[in-house]
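Below: one structure, written as structure tokens.
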Amino acid sequence: MATIYVIVEGARTEPILYGKWLPILVPGHREINRVEDATDDIYFIVAGHGYPSYMDRIKAAVEDIRHPDNRFTHLIVCVDSEECSVAKREAELEQVFRAHDCPIPARTIIADCCIETWLLGHRKIVRRNPESAELRQLLDLYDIVGRDPERMPNLGASTRARSHLRYLRVVFRERDLSYTKQRPGRPPPLTTSLRCVSARTAPPTGAPTSPHSPASSTSPAGSLG
Amino acid sequence: MSILEFSFTDHHRRWELRPVQFKPALNLLVGLSGVGKTRILQSLEAVCHAGIGHDSALLECQWTLEVKVGETVYTWHAETGTQPAPEIVAIEGRGDDDSDDEFFQVPRQHITFSRETLTNDQGTLEVSRGDGEIAFNNNRLPKLKDSESVLSLLRQEPLIEPLFQVLSRVHKSSAHRIRHALLDQRARERARVRYQKASLQDLQEDTTLPFLLKASVLQDTHPDDFARLVVDVYRDIFPSVTDVKVGLLSDFLSERERDQQLPAYIDLIDIALREEGVDGWVTSGRMSSGMRRTLLHVLELVLSPPGTVLLIDEYENSMGINCLPAITDHILDRAGELQFIITSHHPYVINNVAKDHWMVVHREGSVVEVLPASAIPSLDTRSSQDAFVQLMNSKEYRESATD
């Protein structure tokens, strides 16, 4: 059992996703809305409001954790690497934990490069033989079903993250669904992110090694200890 | 004097505001875009306008307004009827912060009051209207026009007059209050004479003077107050500004501009500023929207008499981080003397206004409810996270609009 303070990257998508995923990742734990209500088996999610705003959230979280009545045992920061590497983002966060002298174990869960990348890891949502020419073109450029979404390069957008977001929207449109960062809707199953992270942390035999693996602290399913 | 409670239903447009209790000093309405914050202000303004006999488009509506005047609490309930499709009788400019030249066709609406009650908590006032008849403290009155509220019709009754005065002090802050306007020279002269030896508060209390004219009279009759409360305050925010002046638009323009833009026979009043390194005066129409909005708030805070209810929508609009802290400070200074009902999304504003003043607007379908921060358990916390983050994190805010 653990008492977990969770900071997530964004204000809309991630609180919904992690709100649904955490009960599966840490069974027996429940969400609380106030730090005062912390017990031995809870998690408390704070929306980070993007980079670099979430750095302020981390600072405030450490202040909460330093409170004499603190019950939290773990701090977990779930963010995007965006345009830098996972290793660089992780080093940056480690530095922040040290600078604020976080008194409990602090862990990072980093999506390479954004949360939409992980949503693209949902194999069943991507049609193999789509009707949309746009999706067929994207699949030709990068087969998101057969390959690791986290390795997908920028496919011609202003940034890699935009490229991943655009790909996801096209995937959704093919199914007459829409995806917006503001109203992400129902979260996909947890296997989506596990596929991405496990591909990064434990590459199958023969698969090319990820430039930022292994990163044990990035595994959401790993031990919290 | 303050608005205590307001509820409103628009049957025509199918929108309902459940009873909302306002605090006497500061009310910061927060909530996601689309939950109805602006509409709350619009409805409140329209109801107060209807109360004092101004045109309003409140067809098939009903409302209850509770207002405290001194120690007396008035409760006014009204229901309005339908009206045939209105005839468009005027085309009027209504520039706002973002658009100087937007024009709207303004239909003249005559609402009809089908049912009304007006009472006070002292038990000394009871007005009722229904079935075409009005009774005032159990006396049936001769037939009166149904396009005017009982409050407006009976405004000279000593029991009703104080409420009428309060409702005439409810203003929605709008940038067009400081746009150039026709100047009535004789009214200006009369006001100058009247307020030459009067106190600043006497001038503030005059709610009949148009906004810019009142600013001009303040400048002319109380130059020290104008310099201290307007020019210096504004220069603190914009150090490059060297002067602020209310005067004839023609005096602010170059000779060439004057010949091109203004007919010689029209006097327009305007407010203008001088800035270091800029030739000539910058008139209100040529100011940046942030500078204009800041100037508007500075003037509103100086010119509004105690008891004014100021409605400010999207408070942070156009104002940068160099203006917001100062104006927020001035608002907090006058809150209590004035009642503020403000909408905002801005982290600075939310972080710098105590949680006690927050009111989270929540909409379910077409029904809007306003929750005070004290009704949201997750906000009652010792957490060091910013107040803004705590608010955004609360379930009540995140789920504040459901269709």
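Chains: A, B, ... in order of the structure tokens. Residues: from 1 per chain. Ligands: from 1, in order shown.
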What are the nearest atom pairs, with distances in Å to one decimal, for all residues of segment 271-328 of chain B that come at most 6 Å from segment 166-181 of chain B, using only C-alpha atoms, set out by chain and rising residue number as JSON lines?
{"residue": "B:Ser284", "atom": "CA", "partner": "B:Arg179", "partner_atom": "CA", "distance": 5.9}
{"residue": "B:Thr308", "atom": "CA", "partner": "B:Arg169", "partner_atom": "CA", "distance": 4.9}
{"residue": "B:Val309", "atom": "CA", "partner": "B:Val170", "partner_atom": "CA", "distance": 4.6}
{"residue": "B:Leu310", "atom": "CA", "partner": "B:His171", "partner_atom": "CA", "distance": 5.2}
{"residue": "B:Leu311", "atom": "CA", "partner": "B:Lys172", "partner_atom": "CA", "distance": 4.5}
{"residue": "B:Ile312", "atom": "CA", "partner": "B:Ser173", "partner_atom": "CA", "distance": 5.2}
For the selection you just gave me, I'd like the residues written to a file as a compact mmCIF listing (two decimals), in the first residue's frame, keeping N, CA, C and O atoms.
# COMPACT_ATOMS: atom_id res chain seq x y z
N SER B 284 -9.19 58.31 -26.95
CA SER B 284 -9.67 56.99 -26.49
C SER B 284 -9.78 55.99 -27.63
O SER B 284 -9.47 54.82 -27.46
N THR B 308 -22.70 51.60 -5.43
CA THR B 308 -22.72 51.18 -6.83
C THR B 308 -22.49 49.67 -6.91
O THR B 308 -21.69 49.12 -6.16
N VAL B 309 -23.20 49.04 -7.82
CA VAL B 309 -22.94 47.63 -8.10
C VAL B 309 -22.29 47.59 -9.48
O VAL B 309 -22.89 47.99 -10.47
N LEU B 310 -21.04 47.15 -9.52
CA LEU B 310 -20.31 47.15 -10.78
C LEU B 310 -20.18 45.72 -11.29
O LEU B 310 -19.65 44.84 -10.60
N LEU B 311 -20.68 45.50 -12.50
CA LEU B 311 -20.61 44.17 -13.12
C LEU B 311 -19.48 44.21 -14.14
O LEU B 311 -19.50 45.03 -15.06
N ILE B 312 -18.49 43.37 -13.95
CA ILE B 312 -17.35 43.38 -14.88
C ILE B 312 -17.19 42.00 -15.49
O ILE B 312 -16.89 41.02 -14.80
Would you give me, as a compact mmCIF listing (two decimals) with all heavy atoms, in the first residue's frame, the residues of chain A that come within 8 Å of chain B, using only C-alpha atoms?
# COMPACT_ATOMS: atom_id res chain seq x y z
N ALA A 11 -4.12 19.73 -18.08
CA ALA A 11 -5.24 20.08 -17.20
C ALA A 11 -6.48 19.27 -17.50
O ALA A 11 -7.37 19.17 -16.66
CB ALA A 11 -5.54 21.57 -17.36
N ASN A 33 -9.50 14.15 -2.73
CA ASN A 33 -9.51 15.50 -3.32
C ASN A 33 -8.78 16.53 -2.46
O ASN A 33 -8.64 17.68 -2.87
CB ASN A 33 -10.95 15.97 -3.54
CG ASN A 33 -11.67 15.08 -4.53
OD1 ASN A 33 -11.11 14.77 -5.58
ND2 ASN A 33 -12.88 14.65 -4.20
N ARG A 34 -8.38 16.13 -1.25
CA ARG A 34 -7.67 17.08 -0.38
C ARG A 34 -6.50 16.35 0.27
O ARG A 34 -6.64 15.20 0.68
CB ARG A 34 -8.58 17.59 0.75
CG ARG A 34 -9.83 18.27 0.30
CD ARG A 34 -10.64 18.80 1.47
NE ARG A 34 -10.47 18.04 2.69
CZ ARG A 34 -10.38 18.58 3.90
NH1 ARG A 34 -10.43 19.89 4.06
NH2 ARG A 34 -10.25 17.82 4.97
N VAL A 35 -5.37 17.06 0.39
CA VAL A 35 -4.20 16.40 0.99
C VAL A 35 -4.50 15.98 2.43
O VAL A 35 -3.94 14.97 2.91
CB VAL A 35 -2.96 17.32 0.95
CG1 VAL A 35 -2.49 17.55 -0.47
CG2 VAL A 35 -3.21 18.66 1.64
N GLU A 36 -5.37 16.70 3.09
CA GLU A 36 -5.69 16.38 4.49
C GLU A 36 -6.33 15.00 4.62
O GLU A 36 -6.33 14.40 5.70
CB GLU A 36 -6.69 17.39 5.08
CG GLU A 36 -6.15 18.79 5.27
CD GLU A 36 -6.28 19.64 4.01
OE1 GLU A 36 -6.43 19.08 2.90
OE2 GLU A 36 -6.19 20.86 4.14
N VAL A 46 -2.93 16.02 -9.12
CA VAL A 46 -2.93 17.47 -9.38
C VAL A 46 -2.61 17.69 -10.85
O VAL A 46 -1.64 17.13 -11.37
CB VAL A 46 -1.88 18.19 -8.50
CG1 VAL A 46 -1.75 19.65 -8.90
CG2 VAL A 46 -2.25 18.07 -7.03
N ALA A 47 -3.42 18.50 -11.52
CA ALA A 47 -3.17 18.83 -12.93
C ALA A 47 -2.00 19.80 -13.02
O ALA A 47 -1.96 20.81 -12.32
CB ALA A 47 -4.42 19.45 -13.55
N ARG A 57 4.02 23.21 -9.68
CA ARG A 57 3.18 22.23 -8.96
C ARG A 57 4.06 21.28 -8.16
O ARG A 57 3.70 20.86 -7.06
CB ARG A 57 2.33 21.40 -9.93
CG ARG A 57 1.56 22.12 -11.02
CD ARG A 57 0.40 22.90 -10.52
NE ARG A 57 0.70 24.32 -10.43
CZ ARG A 57 0.66 25.19 -11.42
NH1 ARG A 57 0.32 24.82 -12.64
NH2 ARG A 57 0.94 26.47 -11.22
N ALA A 60 5.21 23.01 -5.02
CA ALA A 60 4.12 23.07 -4.03
C ALA A 60 3.85 21.69 -3.45
O ALA A 60 3.53 21.55 -2.26
CB ALA A 60 2.86 23.65 -4.66
N ALA A 61 3.99 20.65 -4.29
CA ALA A 61 3.77 19.28 -3.81
C ALA A 61 4.78 18.95 -2.72
O ALA A 61 4.43 18.37 -1.68
CB ALA A 61 3.88 18.30 -4.96
N GLU A 63 6.25 21.02 -0.81
CA GLU A 63 5.85 21.76 0.41
C GLU A 63 4.75 21.01 1.15
O GLU A 63 4.77 20.89 2.38
CB GLU A 63 5.38 23.17 0.05
CG GLU A 63 6.53 24.12 -0.23
CD GLU A 63 6.06 25.46 -0.81
OE1 GLU A 63 4.94 25.88 -0.49
OE2 GLU A 63 6.82 26.04 -1.59
N ASP A 64 3.79 20.49 0.39
CA ASP A 64 2.72 19.69 1.02
C ASP A 64 3.31 18.48 1.73
O ASP A 64 2.88 18.11 2.83
CB ASP A 64 1.71 19.20 -0.04
CG ASP A 64 0.77 20.31 -0.50
OD1 ASP A 64 0.73 21.36 0.15
OD2 ASP A 64 0.08 20.10 -1.52
Q: Compile the contact shell of segment 39-43 of chain B as a ChimeraX atom specification: residues with an atom at most 12 Å away, counting only C-alpha atoms, same-chain residues fewer than 2 positions apart removed.
A: /B:6-10,13,15-20,22,27-30,33-37,45-50,56-59,61-65,170-173,309-314,340-343,361-363,366-370
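Closest approach to Lys23 of chain B among B:Pro305, B:Gly365, B:Gly336, B:Gly320 is made by B:Gly336 (distances from only C-alpha atoms).
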**Q.** Interatomic distance, atom CA of Ile144 of chain A to atom CA of Val126 of chain A (Å, one decimal)
**A.** 8.0 Å
Q | Distance criterion (only C-alpha atoms): nearest to Cys323 of chain B out of B:Leu125, B:Ala227, B:Ile266, B:Ile237 | A | B:Ile237
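When only C-alpha atoms are used to compute distances to Val233 of chain B, the closest of the residues B:Val246, B:Leu26, B:Val298, B:Ala354 turns out to be B:Val298.
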Q: From a DSSP pass on the backbone, collect the residues of segment 37-212 of chain A flagged as helix (DSSP H, G or I) and hand them back as a PyMOL selection string.
A: chain A and resi 37+53-65+86-99+115-119+123-125+133-141+149-151+160-174+191-201
**Q.** Neighbour list for segment 203-208 of chain B as JSON, numbers by chain, cut-off 9 Å, only C-alpha atoms, skip fewer than 5 positions in-chain
**A.** {"B": [168, 169, 191, 194, 195, 198, 214, 217, 218, 302, 303, 304, 305, 306]}
How about saving the chosen residues, all heavy atoms kept, as a compact mmCIF listing (two decimals), in the first residue's frame?
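The resulting file, selection_24.txt, is reproduced below:
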# COMPACT_ATOMS: atom_id res chain seq x y z
N SER B 168 -30.63 51.96 -9.98
CA SER B 168 -30.05 52.85 -11.00
C SER B 168 -28.54 52.96 -10.85
O SER B 168 -27.87 53.58 -11.66
CB SER B 168 -30.71 54.23 -10.95
OG SER B 168 -30.44 54.82 -9.69
N ARG B 169 -28.00 52.33 -9.82
CA ARG B 169 -26.54 52.32 -9.63
C ARG B 169 -25.91 50.99 -10.01
O ARG B 169 -24.77 50.70 -9.64
CB ARG B 169 -26.20 52.64 -8.18
CG ARG B 169 -26.51 54.07 -7.85
CD ARG B 169 -26.17 54.40 -6.44
NE ARG B 169 -26.53 55.78 -6.18
CZ ARG B 169 -26.09 56.47 -5.16
NH1 ARG B 169 -25.29 55.91 -4.27
NH2 ARG B 169 -26.45 57.71 -5.00
N ALA B 191 -23.01 71.73 -14.32
CA ALA B 191 -22.37 70.80 -13.38
C ALA B 191 -21.12 71.42 -12.77
O ALA B 191 -20.83 71.24 -11.59
CB ALA B 191 -22.04 69.49 -14.09
N ARG B 194 -22.25 73.71 -10.12
CA ARG B 194 -22.86 72.99 -8.99
C ARG B 194 -21.78 72.32 -8.12
O ARG B 194 -21.89 72.30 -6.91
CB ARG B 194 -23.82 71.93 -9.52
CG ARG B 194 -24.70 71.33 -8.43
CD ARG B 194 -25.60 70.23 -8.98
NE ARG B 194 -26.19 70.59 -10.27
CZ ARG B 194 -26.44 69.70 -11.24
NH1 ARG B 194 -26.17 68.42 -11.06
NH2 ARG B 194 -26.95 70.08 -12.38
N TYR B 195 -20.75 71.79 -8.76
CA TYR B 195 -19.80 70.98 -7.98
C TYR B 195 -18.49 71.72 -7.66
O TYR B 195 -17.57 71.14 -7.08
CB TYR B 195 -19.51 69.66 -8.69
CG TYR B 195 -20.75 68.80 -8.74
CD1 TYR B 195 -21.42 68.57 -9.93
CD2 TYR B 195 -21.28 68.28 -7.57
CE1 TYR B 195 -22.59 67.82 -9.96
CE2 TYR B 195 -22.45 67.53 -7.59
CZ TYR B 195 -23.10 67.31 -8.78
OH TYR B 195 -24.26 66.58 -8.79
N ALA B 198 -18.44 71.73 -4.04
CA ALA B 198 -18.99 70.52 -3.40
C ALA B 198 -17.88 69.50 -3.17
O ALA B 198 -16.77 69.65 -3.69
CB ALA B 198 -20.07 69.93 -4.29
N LYS B 214 -18.91 63.47 -16.34
CA LYS B 214 -18.61 63.44 -14.91
C LYS B 214 -17.09 63.49 -14.69
O LYS B 214 -16.59 64.20 -13.81
CB LYS B 214 -19.19 62.15 -14.32
CG LYS B 214 -19.34 62.15 -12.82
CD LYS B 214 -20.18 60.93 -12.45
CE LYS B 214 -20.34 60.78 -10.96
NZ LYS B 214 -21.16 59.62 -10.62
N VAL B 217 -16.01 67.03 -15.25
CA VAL B 217 -16.35 67.91 -14.12
C VAL B 217 -15.39 67.64 -12.96
O VAL B 217 -14.92 68.57 -12.29
CB VAL B 217 -17.82 67.71 -13.71
CG1 VAL B 217 -18.14 68.51 -12.46
CG2 VAL B 217 -18.75 68.11 -14.85
N LEU B 218 -15.04 66.39 -12.73
CA LEU B 218 -14.06 66.06 -11.68
C LEU B 218 -12.74 66.76 -11.97
O LEU B 218 -12.13 67.38 -11.09
CB LEU B 218 -13.85 64.54 -11.61
CG LEU B 218 -12.72 64.07 -10.69
CD1 LEU B 218 -13.10 64.29 -9.22
CD2 LEU B 218 -12.38 62.60 -10.90
N VAL B 302 -13.09 55.73 -9.40
CA VAL B 302 -13.09 57.07 -8.81
C VAL B 302 -14.49 57.71 -8.86
O VAL B 302 -14.90 58.39 -7.92
CB VAL B 302 -12.09 57.97 -9.58
CG1 VAL B 302 -12.19 59.41 -9.12
CG2 VAL B 302 -10.67 57.46 -9.39
N LEU B 303 -15.20 57.47 -9.94
CA LEU B 303 -16.46 58.20 -10.16
C LEU B 303 -17.69 57.52 -9.54
O LEU B 303 -18.73 58.14 -9.41
CB LEU B 303 -16.71 58.39 -11.66
CG LEU B 303 -15.67 59.23 -12.42
CD1 LEU B 303 -15.99 59.25 -13.91
CD2 LEU B 303 -15.61 60.66 -11.88
N SER B 304 -17.55 56.23 -9.18
CA SER B 304 -18.73 55.52 -8.67
C SER B 304 -18.99 55.86 -7.21
O SER B 304 -18.10 55.76 -6.37
CB SER B 304 -18.54 54.01 -8.81
OG SER B 304 -18.36 53.67 -10.15
N PRO B 305 -20.23 56.24 -6.89
CA PRO B 305 -20.55 56.53 -5.49
C PRO B 305 -20.69 55.23 -4.70
O PRO B 305 -20.93 54.16 -5.28
CB PRO B 305 -21.91 57.23 -5.59
CG PRO B 305 -22.51 56.70 -6.84
CD PRO B 305 -21.38 56.42 -7.78
N PRO B 306 -20.55 55.31 -3.38
CA PRO B 306 -20.80 54.13 -2.56
C PRO B 306 -22.19 53.58 -2.90
O PRO B 306 -23.11 54.34 -3.19
CB PRO B 306 -20.75 54.68 -1.13
CG PRO B 306 -19.92 55.90 -1.22
CD PRO B 306 -20.19 56.49 -2.57
Q: Name the residues in contact with segment 316-318 of chain B at a cut-off of 10 Å, using only C-alpha atoms, excluding same-chain residues fewer than 4 positions from it; report them as a list in words.
A: Asp97, Asp98, Ser288, Ser289, Gly290, Met291, Arg292, Arg293, Thr294, Ile312, Cys323, Leu324, Ile327, Thr328, Ile342, Thr343, Ser344, His345, His346, Pro347, Tyr348 and Val349 of chain B
Q: For Gly50 of chain A, list every protein, DNA or RNA residue within 9 Å, evaluated using only C-alpha atoms, and leave out those in the same chain fewer than 6 positions away; present the list as a list of chain:residue names.
A: A:Val8, A:Glu9, A:Gly10, A:Ala11, A:Val79, A:Asp80
Could you write out that same residue set with N, CA, C and O atoms as a JSON list (two decimals), in the first residue's frame?
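Output file again13.json follows:
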[["chain", "number", "residue", "atom", "x", "y", "z"],
["A", 8, "VAL", "N", 0.23, 15.38, -12.93],
["A", 8, "VAL", "CA", 0.16, 14.99, -14.33],
["A", 8, "VAL", "C", 0.36, 16.22, -15.21],
["A", 8, "VAL", "O", 0.12, 17.34, -14.77],
["A", 9, "GLU", "N", 0.78, 15.98, -16.43],
["A", 9, "GLU", "CA", 1.19, 17.08, -17.30],
["A", 9, "GLU", "C", 0.11, 18.14, -17.54],
["A", 9, "GLU", "O", 0.29, 19.31, -17.24],
["A", 10, "GLY", "N", -1.02, 17.72, -18.11],
["A", 10, "GLY", "CA", -2.00, 18.70, -18.58],
["A", 10, "GLY", "C", -3.11, 18.95, -17.60],
["A", 10, "GLY", "O", -3.09, 18.47, -16.45],
["A", 11, "ALA", "N", -4.12, 19.73, -18.08],
["A", 11, "ALA", "CA", -5.24, 20.08, -17.20],
["A", 11, "ALA", "C", -6.48, 19.27, -17.50],
["A", 11, "ALA", "O", -7.37, 19.17, -16.66],
["A", 79, "VAL", "N", 4.59, 13.16, -17.05],
["A", 79, "VAL", "CA", 4.66, 14.27, -18.01],
["A", 79, "VAL", "C", 5.08, 13.79, -19.40],
["A", 79, "VAL", "O", 5.33, 12.60, -19.61],
["A", 80, "ASP", "N", 5.18, 14.74, -20.30],
["A", 80, "ASP", "CA", 5.57, 14.44, -21.68],
["A", 80, "ASP", "C", 7.02, 14.86, -21.90],
["A", 80, "ASP", "O", 7.46, 15.87, -21.34]]
Q: Identify, with DSSP run on backbone atoms, the residues in segment 82-237 of chain B assigned to strand (DSSP E or B), and express the list as a PyMOL selection string.
A: chain B and resi 88-93+103-107+113-120+126-130+133-136+139-140+170-172+181-182
Next, dump the selected residues to file, keeping only C-alpha atoms, as a compact mmCIF listing (two decimals), in the first residue's frame.
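Okay, this is what ended up in selection12.txt:
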# COMPACT_ATOMS: atom_id res chain seq x y z
CA ILE B 88 -36.24 47.44 -35.73
CA VAL B 89 -36.25 51.11 -34.97
CA ALA B 90 -32.62 52.07 -34.59
CA ILE B 91 -29.18 51.23 -35.78
CA GLU B 92 -26.65 52.02 -33.17
CA GLY B 93 -22.86 51.72 -32.81
CA PHE B 103 -22.88 47.94 -35.61
CA PHE B 104 -25.93 46.27 -34.30
CA GLN B 105 -29.50 46.62 -35.23
CA VAL B 106 -31.21 47.38 -32.00
CA PRO B 107 -34.84 46.46 -31.78
CA PHE B 113 -45.25 42.95 -16.83
CA SER B 114 -47.95 40.36 -16.25
CA ARG B 115 -47.29 39.65 -12.60
CA GLU B 116 -45.21 41.42 -9.94
CA THR B 117 -44.79 41.56 -6.22
CA LEU B 118 -42.65 44.02 -4.30
CA THR B 119 -42.26 43.71 -0.55
CA ASN B 120 -39.86 44.65 2.20
CA GLU B 126 -46.68 45.30 -0.31
CA VAL B 127 -47.23 45.93 -3.98
CA SER B 128 -48.81 43.35 -6.21
CA ARG B 129 -49.73 43.29 -9.85
CA GLY B 130 -51.82 40.68 -11.62
CA GLU B 133 -54.50 45.47 -11.62
CA ILE B 134 -51.97 46.94 -9.19
CA ALA B 135 -52.50 47.12 -5.45
CA PHE B 136 -50.23 49.25 -3.27
CA ASN B 139 -55.11 50.04 -2.11
CA ARG B 140 -56.16 49.34 -5.67
CA VAL B 170 -26.07 48.90 -11.19
CA HIS B 171 -23.66 49.28 -14.10
CA LYS B 172 -22.00 46.90 -16.44
CA ALA B 181 -19.62 61.24 -27.05
CA LEU B 182 -21.77 64.25 -27.83
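Atom CA of Cys84 of chain A is positioned 23.9 Å from atom CA of Val145 of chain A.
You can rank A:Arg127, A:Met55, A:His100, A:Glu90 by their closest distance to Asp112 of chain A using only C-alpha atoms, and at the top of that list sits A:Glu90.
The coordinates place atom CA of Lys143 of chain B at 18.6 Å from atom CA of Gly51 of chain B.
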